[in-house]
Structures are given as structure tokens and as C-alpha cells.
Amino acid sequence: MPKYIDMPKLSDTMTEGKLVKWRKKVGDQVSTGDVLAEIETDKATMELEAFDDGVIHQLLVDEGAKVPIGERIAVLLGKGEAAPANGAAPEPAAKPAAKPATAQAPQAEVTAPAKAESPQTGRTKSSPLARKIAGSKGVDLATLSGSGPGGRIVASDVESAQPSAPRAATPKAPAAPAPGPGDQRIELSGMRRVIAERLLVSKTQLPHFYLHIEIDAGPMMKTRAELNAVTEVSGGPKFTVNDFILRAVVAAATRVPAVNASFAGDAIIQYGGIHLAVAVAVEEGLVTPVIRDAQKKSLREISEAVKDLATRARSKKLKPDEYQGGTITVSNLGAYGIESFSAIINPPQAAILSIGAIVKKPVVNAKNEIVAGQRMSIGLSADHRVIDGAVGASYLGELRKLLENPALMLL
């Protein structure tokens, strides 16, 4: 029996993948572990490996095509196995979508429970041809039972179905002005599309509230300079301001664990491990690689981990488990000269820290004297379903204490 290779789910938010490049061609022998293709997800470009030995019989998807997870992309024959004699080849290869001059209405994506729904993806299992026919006939795939393998809905199932009742129209935002001379249409990448979807959900469905503090960054800068002087002699790496901030964020969360949590409908999940997500700007948007169990790591270990993750994030070499499962996020725009901002929560987390630039300004000391100081603004955006104002204030108080007394976080 031929073995079918499907588009895998390579990230927690992935609904489709873009087949960037085939690394094998029809007729090639493959062994378990061989790289078959490069797949672009919403967060990285990853290598698709073979799970079986055999020969590539057919490639069902052209390079550049976007394919829903679970759809077939190739056919593999076992060694010595003949091609199907009945010519029952899978359906035609998916083609890269043409760039439309104007926005087109997307095909309906059915997520309601149905007999043909895939438990892994939450999508109705149906062939591309079946979806095309359903769209033209107005048939709701969720109402059908599939006669294909595994309950998959095929073209014949749709052709014999009755049109569904029309759905209520969804209000639409005003259309953008038509492109003019010199304007450029930039198609959304998978990453940018998911960022747009997730942040819209976060901003409209999570009850954000915001707290801000300004800390004395002088002690932290002094300690950093002293540590770097020591590591420079030994040839070790230098610590950044961000390293100190990340270590303090984690240490403060161990003291106020209520911020390391998420909302679960009828409960609040408070996590035992602090999985620190760090916002990293990449060419196509933003990715948040995760330092797992950061509460167990020293300042040096956090510094090494974030540098490694950021480098691989920018080259799209992160593995799925390295950008999933964060429990609290830090976004630092200080290096860009931004003094203060409020970040949008990265769901399902309940808190994100926004770190501003260190600014030299006149301050009043304990003796009521005006002196030169180094100040840094820190913001907390919190989900009010999980974190109350007093809890958020308590957390920021611990964070201030650690950053203004950095020896405490080195213990």
C-alpha cells in the first residue's frame, strides 16, 4: 500500500504550511530521517523528515504552495512495491495561489464538530476539490459525512449534497484605498498573518490593564560593569542589560507566582515552571523563543540561552518546542530608543513586561538633592481575569527591588 505524506503540524498556532522547497524528487530512494522538504510555518522554516523508507512516487504539491495541515503532499512507495495499477493517484498537486489584484473572500474554514473532523487539527478533513465544489454550491462541509479514507470528504460527497442555509453576514472593516502609482502590495507571510490574528484576539478578548514603574538603573549598570570587567580578563562573554532584566523578571515571578499563570475558562492555571518567552524581532515580524525552567538558571545560563535562541530565531532555525509553551514574556525596545510603551499580551499567557531605554535625567535623592541619575521605565500588561492590580503592583515591587539591588538576583 502506498504511504501518504501529509502536511504536519509544526507549531501550536499553525493551520497551514508553505512548501518552500522539495529536497527530494520523484523516483528518489528515501530512508527514515531523510529530509524531504522545507516547510515554512507561521514561526520558522523547518525541515520535513521521512518517517518511512521507500521511493518517492508522486509529489502532490508544487513549491510555493500553501497547504492546510493534514493534507497530502506526497506519495511514498515501499521498496519493491509497484505503483497502483488502477491509476488511483491522489488528487492534483496544489498550485501556488495567484496574487489577486483585489482581496478575495476566503474559503470557509469549518471548525464545528463533524464526522470528518481531524482531532489533531480541529479542521474538517476534505479534499481541495471537495472544498472548491462546496464553495461554489454553498454546501457546509460540517454537515457532511465523508466516504473517503478516514472519513475524508471527497468531491462525490459534495456533489450529491444540498446547499446549506446562508450564514449571517459578518460586518467588514472599510476597504483599504485602491493601490496607486508607486504603491506596493506586500503579501502577508504565514508569520505575519498569525501575529495579526493572535494579537487581534488578545487585544479584543483579553481585559488588559497596565501598570508602569520607573526604576533607578544605576546599581544595575554598576554591577554589570564590574562583572564584565572580570569576564573580560578571563575571556568570557559580556553580560547585557537585557540579561539582568530577564534574570530579575524570573526571580520576581518566583516571589509572586500568581503572574506566571493563564486563564482556562473555569480555572486559572498557575505554572510550576517559569518558561520565559523573549520577544525577538525578525525580518517577517516577531518570534518569542522560550527559555524553559528559567527559574533554575543562573544569570550566565540565561545570558547564553537567550543569545543562542535569538541567533537561531533570526536564521529560522528554531525547533517547535523552542518557541511554544511560554508562561510570561519580556519585550525590550530600549535598544531602539523607546523610553516607555505598553505591550500586548501574548495569549494564553497573562502577563508581558515592556522594557524601555535607560535615560539619564535629573532626579531627587534621599537627601532631597537634585543629582544626575539613570532611570528605566518598565511596564506590565496583565490579563485582569488572572492578575489583580494589587498582585501586579506587588510583582513590579519585587522586580524593582531586584534591579535596584542586583546582588540579590546573583545569590
# chains A, B, ... in the order shown; residues from 1 in each chain; ligands from 1

call {"tool": "residues_around", "arguments": {"residues": "Lys317 in chain A", "least_positions_apart": "3", "cutoff": "8 Å", "atoms": "only C-alpha atoms", "output": "list in words"}}
result
Ala44, Thr45, Met46, Arg312, Ala313 and Arg314 of chain A

call {"tool": "residues_around", "arguments": {"residues": "Leu333 in chain A", "least_positions_apart": "5", "cutoff": "8 Å", "atoms": "only C-alpha atoms", "output": "short mmCIF file (atom, residue, chain, number, x, y, z; two decimals) with C-alpha atoms, in the first residue's frame"}}
result
data_model
loop_
_atom_site.label_atom_id
_atom_site.label_comp_id
_atom_site.auth_asym_id
_atom_site.auth_seq_id
_atom_site.Cartn_x
_atom_site.Cartn_y
_atom_site.Cartn_z
CA ILE A 338 11.89 53.74 23.15
CA GLU A 339 11.56 55.09 26.69
CA SER A 354 7.68 46.09 28.40
CA ILE A 355 11.21 47.38 28.95
CA GLY A 356 12.25 50.89 27.94
CA ALA A 357 15.59 52.58 27.41
#

call {"tool": "select_by_dssp", "arguments": {"residues": "range 95-340 of chain A", "states": "strand (DSSP E or B)", "output": "ChimeraX atom specification"}}
result
/A:117,124,126,153,208-216,261-263,268-270,276-278,280-282,285-287,290-291,328-332

call {"tool": "select_by_dssp", "arguments": {"residues": "range 241-366 of chain A", "states": "helix (DSSP H, G or I)", "output": "number ranges by chain"}}
result
A: 241-255, 257-259, 294-296, 299-314, 320-322, 334-336

call {"tool": "atom_distance", "arguments": {"atom1": "CA of Asp388 in chain A", "atom2": "CA of Ala196 in chain A"}}
result
27.1 Å
